[in-house]
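Here is the file run-v8.tsv (TSV, C-alpha atoms).
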```
chain	number	residue	atom	x	y	z
A	1	MET	CA	24.92	3.24	-21.52
A	2	VAL	CA	25.55	1.16	-18.41
A	3	ALA	CA	23.03	3.24	-16.45
A	4	ASP	CA	20.42	2.78	-19.19
A	5	ALA	CA	21.06	-0.97	-19.26
A	6	LEU	CA	20.49	-1.15	-15.50
A	7	ILE	CA	17.43	1.11	-15.44
A	8	TYR	CA	15.64	-0.70	-18.26
A	9	HIS	CA	16.70	-4.19	-17.21
A	10	PRO	CA	13.70	-6.57	-16.83
A	11	THR	CA	14.81	-7.46	-13.30
A	12	VAL	CA	14.41	-3.84	-12.21
A	13	ALA	CA	10.88	-3.75	-13.62
A	14	HIS	CA	10.15	-7.05	-11.87
A	15	TYR	CA	11.53	-5.69	-8.57
A	16	LEU	CA	9.33	-2.59	-8.82
A	17	LYS	CA	6.26	-4.79	-9.37
A	18	PHE	CA	7.31	-6.91	-6.40
A	19	VAL	CA	7.76	-4.04	-3.91
A	20	ALA	CA	4.57	-2.39	-5.19
A	21	THR	CA	2.63	-5.21	-3.54
A	22	THR	CA	1.89	-5.13	0.20
A	23	VAL	CA	2.72	-8.84	0.40
A	24	GLY	CA	6.12	-8.27	-1.22
A	25	ARG	CA	7.08	-5.52	1.22
A	26	ASP	CA	5.76	-7.56	4.15
A	27	LYS	CA	7.83	-10.60	3.21
A	28	LEU	CA	11.01	-8.52	2.93
A	29	LEU	CA	10.37	-6.89	6.31
A	30	ARG	CA	9.54	-10.29	7.82
A	31	THR	CA	12.81	-11.77	6.56
A	32	LEU	CA	14.81	-8.98	8.21
A	33	GLN	CA	12.69	-9.16	11.38
A	34	TYR	CA	13.22	-12.89	11.94
A	35	PHE	CA	16.86	-12.86	10.92
A	36	SER	CA	17.40	-10.07	13.46
A	37	ARG	CA	15.64	-12.21	16.06
A	38	PHE	CA	18.05	-15.05	15.34
A	39	TYR	CA	21.14	-12.85	15.21
A	40	ALA	CA	20.29	-11.03	18.46
A	41	TRP	CA	20.01	-14.46	20.12
A	42	TYR	CA	23.31	-15.55	18.54
A	43	LEU	CA	25.13	-12.45	19.80
A	44	LEU	CA	23.68	-12.97	23.27
A	45	ARG	CA	24.84	-16.60	23.32
A	46	THR	CA	28.34	-15.60	22.12
A	47	ASN	CA	28.73	-12.90	24.79
A	48	GLY	CA	28.00	-10.00	22.47
A	49	THR	CA	27.79	-6.57	24.07
A	50	LYS	CA	24.51	-4.70	24.61
A	51	ALA	CA	25.61	-2.17	22.00
A	52	GLU	CA	26.05	-4.97	19.43
A	53	ILE	CA	22.70	-6.59	20.25
A	54	ALA	CA	20.63	-3.37	20.46
A	55	PRO	CA	20.35	-2.67	16.68
A	56	PHE	CA	19.00	-6.16	15.96
A	57	GLU	CA	16.57	-6.00	18.88
A	58	ALA	CA	15.36	-2.65	17.50
A	59	ILE	CA	14.90	-4.09	13.99
A	60	LYS	CA	12.98	-7.05	15.42
A	61	LYS	CA	10.66	-4.78	17.38
A	62	GLN	CA	10.16	-1.95	14.87
A	63	PHE	CA	9.77	-4.16	11.80
A	64	GLY	CA	7.30	-6.30	13.75
A	65	LEU	CA	5.28	-3.18	14.49
A	66	ALA	CA	5.46	-2.03	10.86
A	67	ARG	CA	4.16	-5.41	9.72
A	68	LYS	CA	1.33	-5.25	12.28
A	69	LEU	CA	0.21	-1.99	10.64
A	70	LEU	CA	0.59	-3.40	7.11
A	71	ARG	CA	-1.73	-6.33	7.84
A	72	PHE	CA	-4.35	-4.17	9.59
A	73	GLY	CA	-7.75	-4.91	8.00
A	74	LYS	CA	-6.62	-8.06	6.14
A	75	ASN	CA	-8.95	-10.17	8.28
A	76	VAL	CA	-11.80	-9.28	5.89
A	77	GLU	CA	-9.85	-10.82	3.00
A	78	HIS	CA	-9.55	-14.13	4.85
A	79	LEU	CA	-13.18	-14.12	5.98
A	80	LYS	CA	-14.19	-13.75	2.34
A	81	ALA	CA	-11.77	-16.52	1.35
A	82	ALA	CA	-13.31	-18.79	4.01
A	83	ALA	CA	-16.79	-18.15	2.62
A	84	LEU	CA	-15.62	-18.82	-0.94
A	85	ALA	CA	-13.85	-22.02	0.15
A	86	ALA	CA	-17.02	-23.25	1.87
A	87	ASP	CA	-19.01	-22.67	-1.34
A	88	SER	CA	-16.40	-24.21	-3.68
A	89	LYS	CA	-17.95	-27.68	-3.90
A	90	VAL	CA	-17.51	-27.68	-7.68
A	91	SER	CA	-13.96	-26.32	-7.95
A	92	VAL	CA	-12.78	-28.24	-4.84
A	93	PRO	CA	-14.88	-31.42	-4.71
A	94	ASP	CA	-12.61	-33.12	-2.15
A	95	PRO	CA	-14.20	-32.46	1.27
A	96	VAL	CA	-10.90	-32.84	3.16
A	97	LEU	CA	-9.20	-30.09	1.15
A	98	ARG	CA	-12.31	-27.91	1.27
A	99	TYR	CA	-12.74	-28.14	5.05
A	100	ALA	CA	-9.00	-27.68	5.60
A	101	SER	CA	-9.11	-24.56	3.43
A	102	VAL	CA	-12.07	-23.18	5.40
A	103	GLY	CA	-10.30	-23.92	8.69
A	104	ARG	CA	-7.10	-22.27	7.47
A	105	GLN	CA	-8.86	-19.10	6.38
A	106	ILE	CA	-10.92	-18.87	9.58
A	107	GLY	CA	-7.72	-19.35	11.59
A	108	TYR	CA	-5.94	-16.57	9.74
A	109	ALA	CA	-9.00	-14.30	9.97
A	110	GLY	CA	-9.21	-14.88	13.72
A	111	TYR	CA	-5.49	-14.23	14.10
A	112	LEU	CA	-5.65	-10.95	12.19
A	113	THR	CA	-8.81	-9.84	14.00
A	114	MET	CA	-7.29	-10.39	17.45
A	115	ASP	CA	-4.01	-8.90	16.29
A	116	MET	CA	-5.86	-5.73	15.21
A	117	THR	CA	-7.15	-5.20	18.74
A	118	THR	CA	-3.57	-4.83	20.02
A	119	VAL	CA	-2.44	-2.16	17.54
A	120	LEU	CA	-3.10	0.91	19.71
A	121	ASP	CA	-1.39	-0.75	22.66
A	122	ALA	CA	1.63	-1.69	20.52
A	123	LEU	CA	1.89	1.87	19.20
A	124	GLY	CA	1.72	3.26	22.73
A	125	VAL	CA	-1.32	5.36	21.81
A	126	ARG	CA	-3.58	3.72	24.35
A	127	LYS	CA	-2.40	1.07	26.75
A	128	TRP	CA	-4.73	-1.89	27.26
A	129	GLU	CA	-4.43	-4.48	30.01
A	130	GLY	CA	-6.01	-7.16	27.82
A	131	ALA	CA	-3.46	-6.76	25.01
A	132	LYS	CA	-1.32	-9.71	26.09
A	133	LYS	CA	-4.34	-11.98	26.39
A	134	ALA	CA	-5.62	-10.85	22.98
A	135	GLN	CA	-2.22	-11.54	21.44
A	136	LYS	CA	-2.26	-15.06	22.91
A	137	GLU	CA	-5.68	-15.66	21.38
A	138	ALA	CA	-4.29	-14.38	18.08
A	139	TYR	CA	-1.49	-16.95	18.28
A	140	ARG	CA	-4.03	-19.72	18.97
A	141	PHE	CA	-5.96	-18.78	15.82
A	142	TRP	CA	-2.74	-18.62	13.81
A	143	ALA	CA	-1.69	-22.06	15.04
A	144	MET	CA	-5.14	-23.41	14.08
A	145	GLY	CA	-4.84	-21.97	10.57
A	146	LEU	CA	-1.34	-23.35	10.12
A	147	LEU	CA	-2.34	-26.83	11.37
A	148	CYS	CA	-5.21	-26.91	8.86
A	149	SER	CA	-2.75	-25.96	6.12
A	150	VAL	CA	-0.32	-28.69	7.23
A	151	VAL	CA	-3.14	-31.27	7.10
A	152	ALA	CA	-4.06	-30.06	3.62
A	153	GLN	CA	-0.47	-30.36	2.37
A	154	PHE	CA	0.05	-33.87	3.79
A	155	TYR	CA	-3.25	-34.94	2.27
A	156	THR	CA	-2.33	-33.34	-1.08
A	157	LEU	CA	0.99	-35.21	-1.15
A	158	TYR	CA	-0.85	-38.46	-0.36
A	159	ARG	CA	-3.31	-37.91	-3.22
A	160	LEU	CA	-0.47	-37.02	-5.59
A	161	ARG	CA	1.21	-40.34	-4.83
A	162	GLU	CA	-2.07	-42.09	-5.65
A	163	ARG	CA	-2.35	-40.19	-8.95
A	164	GLU	CA	1.26	-40.93	-9.85
A	165	ALA	CA	0.76	-44.66	-9.30
A	166	LYS	CA	-1.94	-44.67	-11.99
A	167	VAL	CA	0.11	-42.78	-14.59
A	168	ASP	CA	1.48	-44.67	-17.58
A	169	LYS	CA	4.74	-42.86	-18.33
A	170	LYS	CA	5.13	-44.70	-21.65
A	171	GLU	CA	2.32	-42.65	-23.17
A	172	GLY	CA	2.55	-38.97	-24.14
A	173	GLU	CA	-0.31	-37.92	-21.89
A	174	GLY	CA	1.23	-39.88	-19.04
A	175	VAL	CA	4.52	-38.00	-19.39
A	176	VAL	CA	2.70	-34.66	-19.29
A	177	GLU	CA	0.65	-35.74	-16.28
A	178	SER	CA	3.82	-36.93	-14.53
A	179	LYS	CA	5.44	-33.52	-15.01
A	180	ARG	CA	2.28	-31.81	-13.75
A	181	ILE	CA	2.29	-34.00	-10.64
A	182	ALA	CA	5.99	-33.19	-10.03
A	183	LEU	CA	5.23	-29.45	-10.13
A	184	GLU	CA	2.24	-29.82	-7.80
A	185	ARG	CA	4.30	-31.94	-5.39
A	186	SER	CA	7.10	-29.37	-5.35
A	187	ALA	CA	4.65	-26.54	-4.59
A	188	SER	CA	2.97	-28.59	-1.85
A	189	GLN	CA	6.29	-29.55	-0.23
A	190	LEU	CA	7.44	-25.93	-0.26
A	191	GLN	CA	4.19	-24.79	1.38
A	192	LEU	CA	4.46	-27.58	3.96
A	193	LEU	CA	8.00	-26.51	4.86
A	194	SER	CA	6.85	-22.91	5.20
A	195	ASP	CA	3.90	-23.90	7.43
A	196	LEU	CA	6.05	-26.08	9.70
A	197	CYS	CA	8.59	-23.27	10.08
A	198	ASP	CA	5.81	-20.77	10.86
A	199	LEU	CA	4.33	-23.11	13.47
A	200	THR	CA	7.39	-22.57	15.64
A	201	VAL	CA	6.27	-18.96	16.26
A	202	PRO	CA	2.82	-19.46	17.85
A	203	THR	CA	3.72	-22.76	19.53
A	204	SER	CA	6.72	-21.19	21.28
A	205	ALA	CA	4.78	-18.01	22.16
A	206	LEU	CA	1.99	-20.10	23.72
A	207	GLY	CA	4.41	-22.37	25.55
A	208	TRP	CA	3.35	-25.45	23.59
A	209	ALA	CA	6.95	-26.05	22.52
A	210	GLY	CA	10.27	-25.08	24.06
A	211	PHE	CA	11.88	-23.48	21.03
A	212	ASP	CA	14.39	-20.73	21.81
A	213	ASP	CA	14.64	-17.40	19.96
A	214	GLY	CA	17.48	-18.69	17.80
A	215	PHE	CA	15.47	-21.62	16.44
A	216	VAL	CA	12.31	-19.53	15.97
A	217	GLY	CA	14.33	-16.80	14.28
A	218	LEU	CA	15.94	-19.23	11.84
A	219	ALA	CA	12.63	-20.99	11.11
A	220	GLY	CA	10.93	-17.63	10.56
A	221	THR	CA	13.72	-16.53	8.23
A	222	VAL	CA	13.32	-19.70	6.14
A	223	SER	CA	9.52	-19.34	5.84
A	224	SER	CA	9.96	-15.63	5.02
A	225	LEU	CA	12.42	-16.39	2.23
A	226	ILE	CA	9.97	-18.96	0.86
A	227	GLY	CA	7.32	-16.22	0.94
A	228	VAL	CA	9.67	-13.82	-0.91
A	229	TYR	CA	10.37	-16.49	-3.54
A	230	THR	CA	6.66	-17.29	-4.00
A	231	GLN	CA	5.65	-13.64	-4.28
A	232	TRP	CA	8.52	-12.95	-6.66
A	233	LYS	CA	7.26	-15.70	-8.96
A	234	LYS	CA	3.70	-14.32	-8.77
A	235	THR	CA	4.82	-10.87	-9.88
A	236	ALA	CA	6.95	-12.18	-12.77
```

Here is the file; what I need is its structure written in the form of structure tokens.
Amino acid sequence: MVADALIYHPTVAHYLKFVATTVGRDKLLRTLQYFSRFYAWYLLRTNGTKAEIAPFEAIKKQFGLARKLLRFGKNVEHLKAAALAADSKVSVPDPVLRYASVGRQIGYAGYLTMDMTTVLDALGVRKWEGAKKAQKEAYRFWAMGLLCSVVAQFYTLYRLREREAKVDKKEGEGVVESKRIALERSASQLQLLSDLCDLTVPTSALGWAGFDDGFVGLAGTVSSLIGVYTQWKKTA
């Protein structure tokens, strides 16, 4: 009876839907990858032994490689999204949000395209001298996409404040609109937090910021958990 209750529990069905998605699996792997990056740094700073640090370094490296393979070919998805965003003058009439969306998708597409070129080198199948340079270019594209997303979120929050100032909360429609604005603001703030956390990765890799592995690992863990939460809600 207990086994049946567990097997047929709605949460189990939800979990299976979640892990059936590539995004769901990627976010789980990413969470473990970045937490391992943080914990390896923590052990190093607290005089941990090489034997203690090695498993977390291995998780960081191997899960990073697994994720590189999982996102192989996803650049096409973002190129299509960029084209759709450029043509969405009716659904997204605001030019700031439209251009920011195009910039974000082009940034992600560029990142994934350059990242693809380093796969064989990362696997050890065929070493390539230009792999490090290509990876740096990938980080530049990723940073560009994230900055466009950050601009979009700040602008969205600004427009939401404007909308909220015009709402009459004494009326029924005003109360509904106020609740809708609160939900949109919450989603925008969550995305902004995720983007700012993610920005620590390319900016530190490119030397634009002096974040250490501990800070980047923690920030990456936070953005990964946000990604898990968002994907979990989508598969509900």

- Message: Restricting the calculation to all atoms listed in the file: of A:Ile59, A:Val76, A:Val102, A:Ala82, which residue gets closest to Met116 in chain A?
- Response: A:Val76

Kindly compute an axis-aligned box around the listed atoms of range 217-220 of chain A, allowing 8 Å on each side, and express its centre and edge lengths in Å to one decimal as AutoDock Vina command-line options.
```
--center_x 13.4 --center_y -18.9 --center_z 12.4 --size_x 21.0 --size_y 20.2 --size_z 19.7
```

- Message: With only C-alpha atoms as the counted atoms, please give the residues lying no more than 10 Å from Ala236 in chain A, apart from itself and same-chain residues fewer than 2 positions off, as a PyMOL selection string.
- Response: chain A and resi 10-11+13-15+17-18+231-234

Go ahead and write the residues just picked, C-alpha atoms, as a compact mmCIF listing (two decimals), in the coordinates of the input.
```txt
# COMPACT_ATOMS: atom_id res chain seq x y z
CA PRO A 10 13.70 -6.57 -16.83
CA THR A 11 14.81 -7.46 -13.30
CA ALA A 13 10.88 -3.75 -13.62
CA HIS A 14 10.15 -7.05 -11.87
CA TYR A 15 11.53 -5.69 -8.57
CA LYS A 17 6.26 -4.79 -9.37
CA PHE A 18 7.31 -6.91 -6.40
CA GLN A 231 5.65 -13.64 -4.28
CA TRP A 232 8.52 -12.95 -6.66
CA LYS A 233 7.26 -15.70 -8.96
CA LYS A 234 3.70 -14.32 -8.77
```

- Query: List as an MDAnalysis selection string: which residues have an atom within 9 Å of (13.2, -10.1, 19.1), counting all atoms listed in the file?
  - Reply: chainID A and resid 33:34 36:38 40:41 56:61 64 213 217

- Rank nothing, just name the residue among A:Thr118, A:Ser88, A:Asn75, A:Asn47 nearest to Ile106 in chain A, using all atoms listed in the file.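 Using all atoms listed in the file, Ile106 in chain A sits closest to A:Asn75.
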
- Message: Could you check the closest approach to Glu177 in chain A for each of A:Arg98, A:Arg163, A:Asp87, A:Leu193 and tell me which residue wins, using all atoms listed in the file?
- Response: A:Arg163

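For the residues A:Leu225, A:Gln135, A:Thr235, A:Val92, ranking by smallest atom-to-atom distance to Leu29 in chain A using only C-alpha atoms places A:Leu225 first.
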
- Contacts of Gln191 in chain A within 12 Å, all atoms listed in the file, excl. fewer than 3 positions in-chain, as a PyMOL selection string: chain A and resi 146+149-154+156-157+184-188+194-198+222-227+229-230

- Item | Separation of CA of Arg25 in chain A from CA of Lys68 in chain A in Å |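 Between these atoms lies a distance of 12.5 Å.
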